[in-house]
$ cat structure_25.cif   # mmCIF, C-alpha atoms
data_final
loop_
_atom_site.label_atom_id
_atom_site.label_comp_id
_atom_site.auth_asym_id
_atom_site.auth_seq_id
_atom_site.Cartn_x
_atom_site.Cartn_y
_atom_site.Cartn_z
CA MET A 363 81.65 51.36 -86.82
CA ALA A 364 83.11 53.43 -89.65
CA GLU A 365 83.29 57.16 -89.23
CA ILE A 366 80.92 59.30 -91.31
CA LEU A 367 82.78 62.03 -93.13
CA ASP A 368 80.37 62.78 -95.99
CA GLY A 369 79.52 66.34 -94.93
CA ALA A 370 75.79 65.56 -94.77
CA ILE A 371 73.71 67.35 -92.14
CA ARG A 372 71.50 64.87 -90.29
CA ARG A 373 70.11 66.94 -87.42
CA ALA A 374 69.15 70.48 -86.58
CA VAL A 375 68.90 72.61 -83.47
CA VAL A 376 66.32 75.37 -83.16
CA ILE A 377 67.05 78.19 -80.74
CA GLY A 378 63.93 80.12 -79.88
CA ASN A 379 62.90 82.86 -77.49
CA GLY A 380 59.61 81.42 -76.25
CA PHE A 381 57.48 83.47 -78.64
CA ALA A 382 55.46 81.66 -81.29
CA GLY A 383 56.05 84.28 -83.98
CA ALA A 384 59.82 83.77 -83.86
CA GLU A 385 59.92 80.03 -83.22
CA ASN A 386 57.41 79.19 -85.96
CA GLN A 387 59.79 80.74 -88.47
CA CYS A 388 62.62 78.44 -87.36
CA ILE A 389 60.42 75.35 -87.36
CA GLY A 390 58.99 76.29 -90.76
CA LEU A 391 62.49 76.45 -92.20
CA VAL A 392 63.71 73.16 -90.69
CA ARG A 393 60.50 71.49 -91.94
CA ALA A 394 61.16 72.79 -95.45
CA LEU A 395 64.70 71.38 -95.21
CA GLY A 396 63.40 67.94 -94.26
CA PHE A 397 64.09 68.01 -90.52
CA SER A 398 60.49 67.73 -89.28
CA ASN A 399 61.39 64.82 -86.99
CA ARG A 400 65.11 65.50 -86.68
CA HIS A 401 65.34 68.75 -84.76
CA THR A 402 65.60 69.72 -81.11
CA ILE A 403 64.31 72.97 -79.65
CA TYR A 404 66.26 75.00 -77.10
CA ARG A 405 65.24 78.39 -75.74
CA VAL A 406 66.80 81.58 -74.52
CA THR A 407 64.39 82.87 -71.89
CA ARG A 408 64.42 85.99 -69.80
CA PRO A 409 62.51 86.81 -66.59
CA ARG A 410 58.97 88.01 -67.18
CA GLY A 411 56.27 89.72 -65.20
CA GLY A 412 56.30 92.66 -62.79
CA ILE A 413 58.87 95.30 -63.63
CA ASN A 414 60.72 92.89 -65.94
CA ARG A 415 58.80 94.35 -68.84
CA TRP A 416 60.80 97.55 -68.34
CA LEU A 417 64.07 95.62 -68.54
CA GLN A 418 63.55 93.96 -71.93
CA TRP A 419 66.06 96.35 -73.52
CA LEU A 420 68.90 94.82 -71.48
CA PRO A 421 70.97 91.95 -72.88
CA VAL A 422 69.52 88.66 -71.62
CA SER A 423 72.63 87.83 -69.57
CA VAL A 424 72.55 91.19 -67.79
CA HIS A 425 68.80 90.93 -67.20
CA LYS A 426 69.19 87.48 -65.62
CA LYS A 427 72.06 88.62 -63.38
CA LEU A 428 70.01 91.59 -62.17
CA GLU A 429 67.07 89.33 -61.43
CA SER A 430 69.34 86.92 -59.57
CA VAL A 431 70.78 89.73 -57.41
CA VAL A 432 67.29 90.91 -56.49
CA ARG A 433 66.20 87.35 -55.67
CA MET A 434 69.22 86.80 -53.42
CA SER A 435 68.84 90.10 -51.62
CA CYS A 436 65.08 89.73 -51.11
CA GLY A 437 65.03 86.01 -50.41
CA LYS A 438 62.71 85.58 -53.38
CA SER A 439 62.22 87.20 -56.73
CA SER A 440 60.15 90.33 -56.55
CA LEU A 441 60.59 90.70 -60.27
CA ARG A 442 59.73 87.37 -61.69
CA THR A 443 56.55 85.52 -62.54
CA PRO A 444 56.34 82.14 -64.25
CA HIS A 445 57.45 81.94 -67.86
CA THR A 446 55.03 81.38 -70.69
CA ILE A 447 53.14 78.11 -70.30
CA GLY A 448 54.81 75.27 -72.18
CA LEU A 449 58.42 76.37 -71.68
CA SER A 450 59.21 74.14 -68.70
CA ASN A 451 59.96 71.03 -70.76
CA VAL A 452 62.33 72.81 -73.16
CA LEU A 453 66.02 73.06 -72.33
CA GLU A 454 67.69 76.44 -71.90
CA ALA A 455 70.13 77.09 -74.73
CA ASP A 456 73.75 76.83 -73.59
CA ALA A 457 76.31 77.84 -76.19
CA HIS A 458 79.20 75.86 -74.69
CA HIS A 459 77.12 72.69 -74.38
CA LEU A 460 75.80 72.89 -77.96
CA ALA A 461 79.20 73.76 -79.43
CA THR A 462 80.80 70.83 -77.59
CA MET A 463 78.07 68.52 -78.86
CA ALA A 464 78.64 69.74 -82.42
CA ARG A 465 82.39 69.10 -82.20
CA GLU A 466 82.17 65.71 -80.49
CA THR A 467 79.50 64.29 -82.81
CA PHE A 468 80.83 65.79 -86.05
CA HIS A 469 82.57 62.65 -87.38
CA LYS A 470 79.58 60.37 -86.80
CA GLY A 471 76.69 62.79 -87.09
CA GLY A 472 78.02 65.31 -89.59
CA PRO A 473 77.72 69.10 -89.28
CA LEU A 474 75.09 70.61 -87.01
CA LEU A 475 72.51 72.98 -88.48
CA VAL A 476 71.57 75.72 -86.01
CA VAL A 477 68.55 77.91 -86.77
CA ALA A 478 67.76 80.81 -84.44
CA SER A 479 65.28 83.67 -84.46
CA GLY A 480 64.72 86.72 -82.29
CA ARG A 481 66.97 89.35 -80.73
CA ASP A 482 67.50 87.40 -77.52
CA THR A 483 68.93 84.39 -79.38
CA ILE A 484 71.68 86.29 -81.23
CA SER A 485 74.34 86.09 -78.54
CA VAL A 486 73.93 82.36 -77.88
CA ALA A 487 73.65 81.42 -81.55
CA SER A 488 76.71 83.43 -82.60
CA SER A 489 78.69 82.01 -79.66
CA ILE A 490 77.96 78.46 -80.85
CA LYS A 491 79.34 79.39 -84.25
CA ARG A 492 82.40 81.06 -82.73
CA LEU A 493 83.15 78.03 -80.54
CA ALA A 494 82.62 75.41 -83.28
CA PRO A 495 83.14 77.19 -86.63
CA GLU A 496 84.12 74.03 -88.53
CA ASN A 497 81.21 71.96 -87.23
CA VAL A 498 78.21 74.30 -87.35
CA PHE A 499 76.16 76.01 -90.04
CA LEU A 500 74.29 78.93 -88.45
CA VAL A 501 71.15 80.51 -89.86
CA GLN A 502 69.78 83.60 -88.08
CA ILE A 503 66.20 84.56 -88.91
CA GLN A 504 65.27 88.23 -88.44
CA HIS A 505 67.90 90.90 -88.88
CA PRO A 506 70.61 90.88 -86.15
CA ARG A 507 71.34 94.58 -86.86
CA PHE A 508 75.15 94.44 -87.01
CA HIS A 509 78.15 92.11 -87.38
CA LEU A 510 76.39 89.89 -89.89
CA ASN A 511 79.66 88.04 -90.49
CA ARG A 512 78.92 86.09 -87.29
CA PHE A 513 76.35 84.05 -89.23
CA ASP A 514 76.57 81.74 -92.24
CA LEU A 515 73.21 83.02 -93.44
CA VAL A 516 70.79 85.71 -92.33
CA ILE A 517 67.17 85.43 -93.49
CA THR A 518 65.16 88.61 -93.04
CA PRO A 519 62.22 90.46 -94.62
CA ARG A 520 63.12 93.08 -97.19
CA HIS A 521 61.34 95.74 -95.13
CA ASP A 522 64.07 95.41 -92.47
CA TYR A 523 66.22 97.39 -94.91
CA TYR A 524 63.64 100.17 -95.19
CA PRO A 525 65.78 102.48 -92.96
CA GLN A 526 68.32 102.67 -95.81
CA THR A 527 65.82 104.04 -98.33
CA PRO A 528 65.85 107.77 -99.16
CA HIS A 529 62.29 108.09 -97.88
CA ALA A 530 63.24 106.62 -94.50
CA GLN A 531 66.41 108.69 -94.22
CA GLN A 532 64.34 111.85 -94.58
CA GLN A 533 62.32 110.80 -91.53
CA ILE A 534 65.39 110.31 -89.31
CA PRO A 535 67.08 113.37 -87.76
CA TRP A 536 70.67 113.52 -89.04
CA PHE A 537 72.14 113.11 -85.54
CA LEU A 538 70.28 109.80 -85.06
CA ARG A 539 71.06 108.20 -88.42
CA ARG A 540 74.22 106.46 -87.22
CA TRP A 541 72.16 104.68 -84.57
CA VAL A 542 69.49 103.35 -86.91
CA THR A 543 70.35 99.90 -88.26
CA PRO A 544 71.04 98.17 -90.56
CA TRP A 545 73.98 100.32 -91.59
CA GLU A 546 75.01 98.44 -94.72
CA PRO A 547 73.18 96.99 -97.74
CA PRO A 548 72.52 93.24 -97.64
CA GLY A 549 75.65 91.20 -98.24
CA ARG A 550 76.13 87.82 -99.89
CA ASN A 551 75.05 85.96 -96.75
CA VAL A 552 71.69 87.77 -96.52
CA VAL A 553 68.50 86.24 -97.95
CA LEU A 554 65.64 88.71 -98.34
CA THR A 555 62.01 87.65 -98.10
CA VAL A 556 58.72 89.49 -98.57
CA GLY A 557 57.24 88.35 -95.27
CA ALA A 558 57.88 85.98 -92.39
CA LEU A 559 58.75 82.30 -92.67
CA HIS A 560 56.13 79.89 -91.31
CA GLN A 561 54.94 76.29 -91.05
CA ALA A 562 51.87 76.56 -93.28
CA ASP A 563 53.22 74.56 -96.21
CA SER A 564 51.07 72.42 -98.50
CA ALA A 565 51.65 69.25 -96.47
CA ALA A 566 50.65 70.97 -93.22
CA LEU A 567 47.51 72.41 -94.82
CA ARG A 568 46.48 69.00 -96.17
CA ILE A 569 46.78 67.57 -92.67
CA ALA A 570 44.84 70.51 -91.22
CA ALA A 571 42.11 70.17 -93.87
CA SER A 572 41.59 66.56 -92.84
CA ALA A 573 41.74 67.28 -89.10
CA TRP A 574 39.24 70.15 -89.31
CA HIS A 575 36.93 68.71 -91.97
CA LYS A 576 34.12 67.89 -89.57
CA GLU A 577 34.03 71.37 -88.02
CA LEU A 578 34.94 73.59 -90.97
CA GLY A 579 34.40 71.53 -94.11
CA THR A 580 30.63 71.49 -93.74
CA LEU A 581 30.18 75.25 -93.21
CA PRO A 582 28.26 77.16 -95.90
CA LYS A 583 30.52 78.69 -98.53
CA PRO A 584 32.23 81.01 -99.09
CA LEU A 585 33.95 80.94 -95.72
CA LEU A 586 35.49 84.27 -94.70
CA VAL A 587 38.09 83.96 -91.94
CA VAL A 588 38.80 87.09 -89.89
CA ASN A 589 42.08 87.15 -87.93
CA VAL A 590 42.38 89.93 -85.36
CA GLY A 591 45.76 90.69 -83.80
CA GLY A 592 46.51 93.64 -81.56
CA PRO A 593 47.81 97.18 -81.90
CA THR A 594 51.58 97.71 -81.92
CA GLY A 595 53.81 100.76 -81.81
CA ASN A 596 54.15 100.86 -85.59
CA CYS A 597 50.62 99.64 -86.36
CA PRO A 598 48.46 101.42 -83.79
CA TYR A 599 44.70 101.10 -83.80
CA GLY A 600 41.90 101.08 -81.30
CA VAL A 601 38.17 101.02 -80.83
CA ASP A 602 37.46 103.28 -83.82
CA LEU A 603 39.04 100.90 -86.31
CA VAL A 604 37.33 97.89 -84.74
CA LYS A 605 33.94 99.59 -84.96
CA LYS A 606 34.70 100.32 -88.59
CA LEU A 607 35.63 96.65 -89.09
CA VAL A 608 32.27 95.61 -87.63
CA VAL A 609 30.40 97.82 -90.09
CA MET A 610 32.46 96.51 -93.02
CA LEU A 611 31.89 92.88 -92.03
CA GLN A 612 28.15 93.52 -91.73
CA SER A 613 28.28 95.02 -95.22
CA VAL A 614 29.78 91.86 -96.78
CA LEU A 615 27.72 89.36 -94.78
CA TRP A 616 25.22 89.00 -97.62
CA SER A 617 27.94 87.52 -99.85
CA CYS A 618 29.32 85.13 -97.21
CA GLY A 619 28.15 81.64 -96.41
CA SER A 620 29.98 81.77 -93.08
CA ILE A 621 32.36 83.98 -91.13
CA ARG A 622 34.84 82.65 -88.57
CA ILE A 623 36.56 85.16 -86.28
CA SER A 624 39.60 84.43 -84.14
CA PHE A 625 41.84 86.53 -81.92
CA SER A 626 45.52 86.42 -81.05
CA ARG A 627 47.10 86.55 -77.60
CA ARG A 628 47.76 90.25 -78.20
CA THR A 629 44.14 91.19 -78.84
CA PRO A 630 42.95 93.61 -76.12
CA ASP A 631 39.78 92.64 -74.26
CA LYS A 632 37.98 95.82 -75.33
CA ILE A 633 38.47 94.87 -78.98
CA ARG A 634 37.28 91.31 -78.40
CA LYS A 635 34.19 92.50 -76.58
CA ILE A 636 33.14 94.86 -79.37
CA LEU A 637 33.34 92.14 -82.02
CA VAL A 638 31.58 89.59 -79.81
CA LYS A 639 28.81 92.01 -78.86
CA GLU A 640 28.12 93.18 -82.40
CA LEU A 641 28.52 89.94 -84.38
CA SER A 642 28.12 86.86 -82.19
CA THR A 643 24.32 86.75 -82.48
CA ASN A 644 24.38 86.56 -86.28
CA PRO A 645 23.77 82.94 -87.37
CA LYS A 646 26.42 83.21 -90.09
CA VAL A 647 29.15 84.21 -87.63
CA GLN A 648 31.22 81.95 -85.39
CA ILE A 649 33.78 83.39 -82.95
CA TRP A 650 36.48 81.17 -81.49
CA ASP A 651 36.50 81.72 -77.74
CA GLY A 652 40.07 80.53 -77.19
CA GLU A 653 38.97 77.22 -75.69
CA GLY A 654 40.02 73.88 -77.14
CA PRO A 655 42.37 73.30 -80.08
CA ASN A 656 43.49 76.40 -81.96
CA PRO A 657 41.70 76.37 -85.35
CA HIS A 658 44.32 78.60 -87.05
CA MET A 659 45.73 75.94 -89.40
CA GLY A 660 42.22 74.70 -90.12
CA HIS A 661 41.20 78.24 -91.02
CA LEU A 662 44.13 78.53 -93.42
CA ALA A 663 43.12 75.25 -95.05
CA TRP A 664 39.37 75.81 -95.34
CA ALA A 665 38.96 79.57 -95.78
CA ASP A 666 37.88 80.96 -99.13
CA ALA A 667 39.10 84.46 -98.20
CA PHE A 668 40.74 86.27 -95.29
CA VAL A 669 40.36 89.60 -93.51
CA ILE A 670 43.43 90.29 -91.32
CA THR A 671 44.48 93.24 -89.20
CA ALA A 672 47.66 94.89 -90.46
CA ASP A 673 49.72 94.44 -87.28
CA SER A 674 50.67 90.79 -87.79
CA VAL A 675 53.40 90.07 -90.33
CA SER A 676 53.14 86.36 -89.50
CA MET A 677 49.38 86.01 -90.04
CA LEU A 678 49.54 87.96 -93.28
CA SER A 679 52.51 85.95 -94.54
CA GLU A 680 50.71 82.66 -93.86
CA ALA A 681 47.48 83.77 -95.53
CA CYS A 682 49.32 85.16 -98.55
CA SER A 683 51.00 81.78 -99.07
CA THR A 684 47.62 80.14 -99.78
CA GLY A 685 46.84 81.95 -103.05
CA LYS A 686 43.41 82.92 -101.67
CA PRO A 687 42.08 86.49 -101.42
CA VAL A 688 43.59 88.40 -98.49
CA TYR A 689 42.08 91.70 -97.34
CA VAL A 690 43.90 93.91 -94.84
CA VAL A 691 42.40 96.19 -92.19
CA GLY A 692 44.32 99.17 -90.82
CA ALA A 693 47.27 99.18 -93.23
CA GLU A 694 46.95 102.94 -93.61
CA LEU A 695 47.75 103.32 -89.89
CA CYS A 696 51.09 101.50 -90.09
CA THR A 697 54.29 103.50 -90.02
CA TRP A 698 58.01 103.06 -90.70
CA LYS A 699 59.06 99.65 -92.09
CA PHE A 700 55.66 98.11 -91.41
CA ALA A 701 54.08 100.55 -93.83
CA ASP A 702 56.74 99.41 -96.31
CA PHE A 703 55.68 95.79 -95.69
CA GLN A 704 52.04 96.63 -96.42
CA ASN A 705 53.03 98.43 -99.62
CA SER A 706 55.08 95.40 -100.63
CA LEU A 707 52.11 93.04 -100.20
CA GLN A 708 49.95 95.23 -102.41
CA LYS A 709 52.73 95.65 -104.97
CA HIS A 710 53.05 91.85 -105.21
CA GLY A 711 49.29 91.61 -105.67
CA VAL A 712 48.84 89.25 -102.72
CA ALA A 713 46.71 91.54 -100.52
CA ARG A 714 44.15 94.30 -100.94
CA PRO A 715 42.58 96.81 -98.54
CA PHE A 716 39.32 95.68 -96.95
CA THR A 717 36.63 98.25 -97.73
CA GLY A 718 33.40 96.46 -96.89
CA LYS A 719 32.35 96.80 -100.53
CA GLN A 720 33.75 93.45 -101.63
CA ASN A 721 31.66 90.57 -102.91
CA ILE A 722 33.26 87.58 -101.18
CA THR A 723 31.81 85.17 -103.77
CA GLU A 724 34.03 86.85 -106.39
CA SER A 725 37.39 85.25 -105.79
CA TRP A 726 40.77 86.36 -107.13
CA SER A 727 44.14 84.70 -107.08
CA TYR A 728 47.86 85.42 -107.34
CA PRO A 729 51.18 83.54 -107.25
CA PRO A 730 51.38 82.65 -103.55
CA LEU A 731 54.22 83.94 -101.42
CA ASN A 732 56.78 81.16 -101.23
CA ASP A 733 59.30 82.65 -98.82
CA THR A 734 59.91 79.54 -96.70
CA ALA A 735 60.57 77.25 -99.67
CA GLU A 736 62.80 79.84 -101.33
CA ALA A 737 64.75 80.39 -98.11
CA SER A 738 65.31 76.63 -97.80
CA ARG A 739 66.73 76.57 -101.33
CA GLN A 740 69.11 79.36 -100.39
CA VAL A 741 70.24 77.41 -97.31
CA ILE A 742 70.95 74.34 -99.46
CA ALA A 743 72.92 76.47 -101.94
CA ALA A 744 74.99 78.03 -99.15
CA LEU A 745 75.68 74.60 -97.67
CA ALA A 746 76.87 73.38 -101.07
CA GLN A 747 79.46 76.16 -101.14
CA ARG A 748 80.98 74.59 -98.02
CA GLY A 749 80.77 71.12 -99.51
CA TRP A 750 77.91 70.14 -97.21
CA THR A 751 74.50 68.68 -98.03
CA ILE A 752 71.21 67.77 -96.36
CA HIS A 753 70.95 64.07 -95.57
CA PRO A 754 67.63 62.78 -96.94
#

$ encode --input "structure_25.cif" --output "structure tokens"
Amino acid sequence: MAEILDGAIRRAVVIGNGFAGAENQCIGLVRALGFSNRHTIYRVTRPRGGINRWLQWLPVSVHKKLESVVRMSCGKSSLRTPHTIGLSNVLEADAHHLATMARETFHKGGPLLVVASGRDTISVASSIKRLAPENVFLVQIQHPRFHLNRFDLVITPRHDYYPQTPHAQQQIPWFLRRWVTPWEPPGRNVVLTVGALHQADSAALRIAASAWHKELGTLPKPLLVVNVGGPTGNCPYGVDLVKKLVVMLQSVLWSCGSIRISFSRRTPDKIRKILVKELSTNPKVQIWDGEGPNPHMGHLAWADAFVITADSVSMLSEACSTGKPVYVVGAELCTWKFADFQNSLQKHGVARPFTGKQNITESWSYPPLNDTAEASRQVIAALAQRGWTIHP
């Protein structure tokens, strides 16, 4: 069999951290590049449960060694609980193994595309590149903070560079500024996006529209989808905001045919209970209870408008890629770069504050966010500079 030396990439490796928000960005990018059925997922996982949550700041390798020492000394792990469900059938990412594979299969399989996302994946991903620099093209999603020359391409939201703005610098005490990253403006290997990459492209939404037609396609219109996340350090909210959300939803009910409410894994029980108690008895309202298939993609496909809590960059990015009205709850509570993200959405005209005074039958539109497709074009352009292409 003749050797293949055409420089065409035929396969991709995704390195995730076990969290949907990070891994969906990788998968969204490889889908956009045409690798839907030609990629393999590996994961960098760290011990979870118990006091492990206080050790998340440690490098993964150090964290694992500490957990191993405790397990050996105690006869069992007093730190560890099972990993997130669904991780057991995914291989742990091993830099030496993947680099060796890239080198040994280069002549027949072409270069290897590696796409990673999340802080815990940085060390493994950059090691693969260091060990096989002539055989690997490495894309790191989310800002790795420093030493960006370890990566062929870094794809990150523009708000990750908020710390460099004059407004941000004024908020940082002078003696801490050297510790706040990124330190340098984006270089030639940095691709800036408005929001997060995702899998909700037009093909995926067409499939979801068909799959969810029976359950969602027959609901009275307009359908308002409400996505509730959970408070974070830079987007804090609690019962007061949720009670306000209830009142605002009740105020727009007259203009809705249907309302569908869903929660994320981060949604606190007290927030769920308030929404269920106040709205579940209304015949226009349906609340997903977390049982059965997740309707998220169906909601994106069938919704006429969205109300989304400000904490989730991913949910907002997906909704703003549909071209449908997106209303945000709690944006005024966000701080630091997440406030910058909210301002960016409004500046682009893709999202508006939810006030409870809207008429949901009055739709509005905008040029949808197209971050994933644009990022894929930038990857193809960077590959071309190395003389490499994507095999169709």

$ closest_residue --input "structure_25.cif" --among "A:Pro655, A:Pro535, A:Gly383, A:Gly549" --to "Ala573 in chain A" --atoms "only C-alpha atoms"
A:Pro655

$ residues_around --input "structure_25.cif" --residues "Gly369 in chain A" --least-positions-apart "3" --cutoff "8 Å" --atoms "only C-alpha atoms" --output "mmCIF file with C-alpha atoms, in the coordinates of the input"
data_model
loop_
_atom_site.group_PDB
_atom_site.id
_atom_site.type_symbol
_atom_site.label_atom_id
_atom_site.label_comp_id
_atom_site.auth_asym_id
_atom_site.auth_seq_id
_atom_site.Cartn_x
_atom_site.Cartn_y
_atom_site.Cartn_z
ATOM 1 C CA GLY A 472 78.020 65.310 -89.590
ATOM 2 C CA PRO A 473 77.720 69.100 -89.280
ATOM 3 C CA GLY A 749 80.770 71.120 -99.510
ATOM 4 C CA TRP A 750 77.910 70.140 -97.210
ATOM 5 C CA THR A 751 74.500 68.680 -98.030
#

$ resolve_selection --input "structure_25.cif" --expression "the PyMOL selection byres ((chain A and resi 704) around 12)" --output "PDB file with C-alpha atoms, in the frame of the given file"
ATOM      1  CA  ARG A 520      63.120  93.080 -97.190  1.00  0.00           C
ATOM      2  CA  HIS A 521      61.340  95.740 -95.130  1.00  0.00           C
ATOM      3  CA  VAL A 556      58.720  89.490 -98.570  1.00  0.00           C
ATOM      4  CA  GLY A 557      57.240  88.350 -95.270  1.00  0.00           C
ATOM      5  CA  ASN A 596      54.150 100.860 -85.590  1.00  0.00           C
ATOM      6  CA  CYS A 597      50.620  99.640 -86.360  1.00  0.00           C
ATOM      7  CA  ILE A 670      43.430  90.290 -91.320  1.00  0.00           C
ATOM      8  CA  THR A 671      44.480  93.240 -89.200  1.00  0.00           C
ATOM      9  CA  ALA A 672      47.660  94.890 -90.460  1.00  0.00           C
ATOM     10  CA  ASP A 673      49.720  94.440 -87.280  1.00  0.00           C
ATOM     11  CA  SER A 674      50.670  90.790 -87.790  1.00  0.00           C
ATOM     12  CA  VAL A 675      53.400  90.070 -90.330  1.00  0.00           C
ATOM     13  CA  LEU A 678      49.540  87.960 -93.280  1.00  0.00           C
ATOM     14  CA  SER A 679      52.510  85.950 -94.540  1.00  0.00           C
ATOM     15  CA  CYS A 682      49.320  85.160 -98.550  1.00  0.00           C
ATOM     16  CA  VAL A 688      43.590  88.400 -98.490  1.00  0.00           C
ATOM     17  CA  TYR A 689      42.080  91.700 -97.340  1.00  0.00           C
ATOM     18  CA  VAL A 690      43.900  93.910 -94.840  1.00  0.00           C
ATOM     19  CA  VAL A 691      42.400  96.190 -92.190  1.00  0.00           C
ATOM     20  CA  GLY A 692      44.320  99.170 -90.820  1.00  0.00           C
ATOM     21  CA  ALA A 693      47.270  99.180 -93.230  1.00  0.00           C
ATOM     22  CA  GLU A 694      46.950 102.940 -93.610  1.00  0.00           C
ATOM     23  CA  LEU A 695      47.750 103.320 -89.890  1.00  0.00           C
ATOM     24  CA  CYS A 696      51.090 101.500 -90.090  1.00  0.00           C
ATOM     25  CA  THR A 697      54.290 103.500 -90.020  1.00  0.00           C
ATOM     26  CA  TRP A 698      58.010 103.060 -90.700  1.00  0.00           C
ATOM     27  CA  LYS A 699      59.060  99.650 -92.090  1.00  0.00           C
ATOM     28  CA  PHE A 700      55.660  98.110 -91.410  1.00  0.00           C
ATOM     29  CA  ALA A 701      54.080 100.550 -93.830  1.00  0.00           C
ATOM     30  CA  ASP A 702      56.740  99.410 -96.310  1.00  0.00           C
ATOM     31  CA  PHE A 703      55.680  95.790 -95.690  1.00  0.00           C
ATOM     32  CA  ASN A 705      53.030  98.430 -99.620  1.00  0.00           C
ATOM     33  CA  SER A 706      55.080  95.400-100.630  1.00  0.00           C
ATOM     34  CA  LEU A 707      52.110  93.040-100.200  1.00  0.00           C
ATOM     35  CA  GLN A 708      49.950  95.230-102.410  1.00  0.00           C
ATOM     36  CA  LYS A 709      52.730  95.650-104.970  1.00  0.00           C
ATOM     37  CA  HIS A 710      53.050  91.850-105.210  1.00  0.00           C
ATOM     38  CA  GLY A 711      49.290  91.610-105.670  1.00  0.00           C
ATOM     39  CA  VAL A 712      48.840  89.250-102.720  1.00  0.00           C
ATOM     40  CA  ALA A 713      46.710  91.540-100.520  1.00  0.00           C
ATOM     41  CA  ARG A 714      44.150  94.300-100.940  1.00  0.00           C
ATOM     42  CA  PRO A 715      42.580  96.810 -98.540  1.00  0.00           C
TER      43      PRO A 715
END

$ residues_around --input "structure_25.cif" --residues "His560 in chain A" --least-positions-apart "2" --cutoff "9 Å" --atoms "only C-alpha atoms" --output "ChimeraX atom specification"
/A:383,385-391,558,562-563,676,679-680,733-734

$ atom_distance --input "structure_25.cif" --atom1 "CA of Gly619 in chain A" --atom2 "CA of Leu603 in chain A"
24.3 Å

$ decode --input "structure_25.cif" --residues "range 535-546 of chain A" --atoms "N, CA, C and O atoms" --output "short mmCIF file (atom, residue, chain, number, x, y, z; two decimals), in the first residue's frame"
data_model
loop_
_atom_site.label_atom_id
_atom_site.label_comp_id
_atom_site.auth_asym_id
_atom_site.auth_seq_id
_atom_site.Cartn_x
_atom_site.Cartn_y
_atom_site.Cartn_z
N PRO A 535 -5.98 45.93 42.41
CA PRO A 535 -4.91 46.60 43.17
C PRO A 535 -3.58 46.45 42.43
O PRO A 535 -3.29 45.38 41.87
N TRP A 536 -2.76 47.49 42.43
CA TRP A 536 -1.54 47.49 41.62
C TRP A 536 -0.63 46.31 41.93
O TRP A 536 0.02 45.76 41.05
N PHE A 537 -0.62 45.88 43.21
CA PHE A 537 0.30 44.79 43.58
C PHE A 537 -0.21 43.42 43.13
O PHE A 537 0.52 42.42 43.23
N LEU A 538 -1.44 43.33 42.61
CA LEU A 538 -1.97 42.07 42.12
C LEU A 538 -1.99 41.99 40.60
O LEU A 538 -2.23 40.91 40.04
N ARG A 539 -1.71 43.12 39.93
CA ARG A 539 -1.89 43.15 38.47
C ARG A 539 -1.01 42.15 37.74
O ARG A 539 -1.39 41.58 36.74
N ARG A 540 0.19 41.91 38.24
CA ARG A 540 1.10 40.98 37.56
C ARG A 540 0.61 39.55 37.64
O ARG A 540 1.09 38.68 36.90
N TRP A 541 -0.34 39.28 38.54
CA TRP A 541 -0.84 37.92 38.72
C TRP A 541 -2.13 37.68 37.95
O TRP A 541 -2.62 36.54 37.91
N VAL A 542 -2.71 38.73 37.40
CA VAL A 542 -3.97 38.59 36.68
C VAL A 542 -3.67 38.39 35.20
O VAL A 542 -3.05 39.23 34.57
N THR A 543 -4.10 37.27 34.66
CA THR A 543 -3.84 36.95 33.26
C THR A 543 -5.09 37.18 32.42
O THR A 543 -6.20 37.25 32.96
N PRO A 544 -4.96 37.30 31.08
CA PRO A 544 -3.72 37.22 30.30
C PRO A 544 -2.88 38.49 30.45
O PRO A 544 -3.40 39.57 30.71
N TRP A 545 -1.57 38.31 30.24
CA TRP A 545 -0.65 39.43 30.40
C TRP A 545 -0.45 40.20 29.10
O TRP A 545 -0.08 41.36 29.12
N GLU A 546 -0.63 39.53 27.97
CA GLU A 546 -0.34 40.14 26.68
C GLU A 546 -1.59 40.19 25.80
O GLU A 546 -2.50 39.38 25.96
#
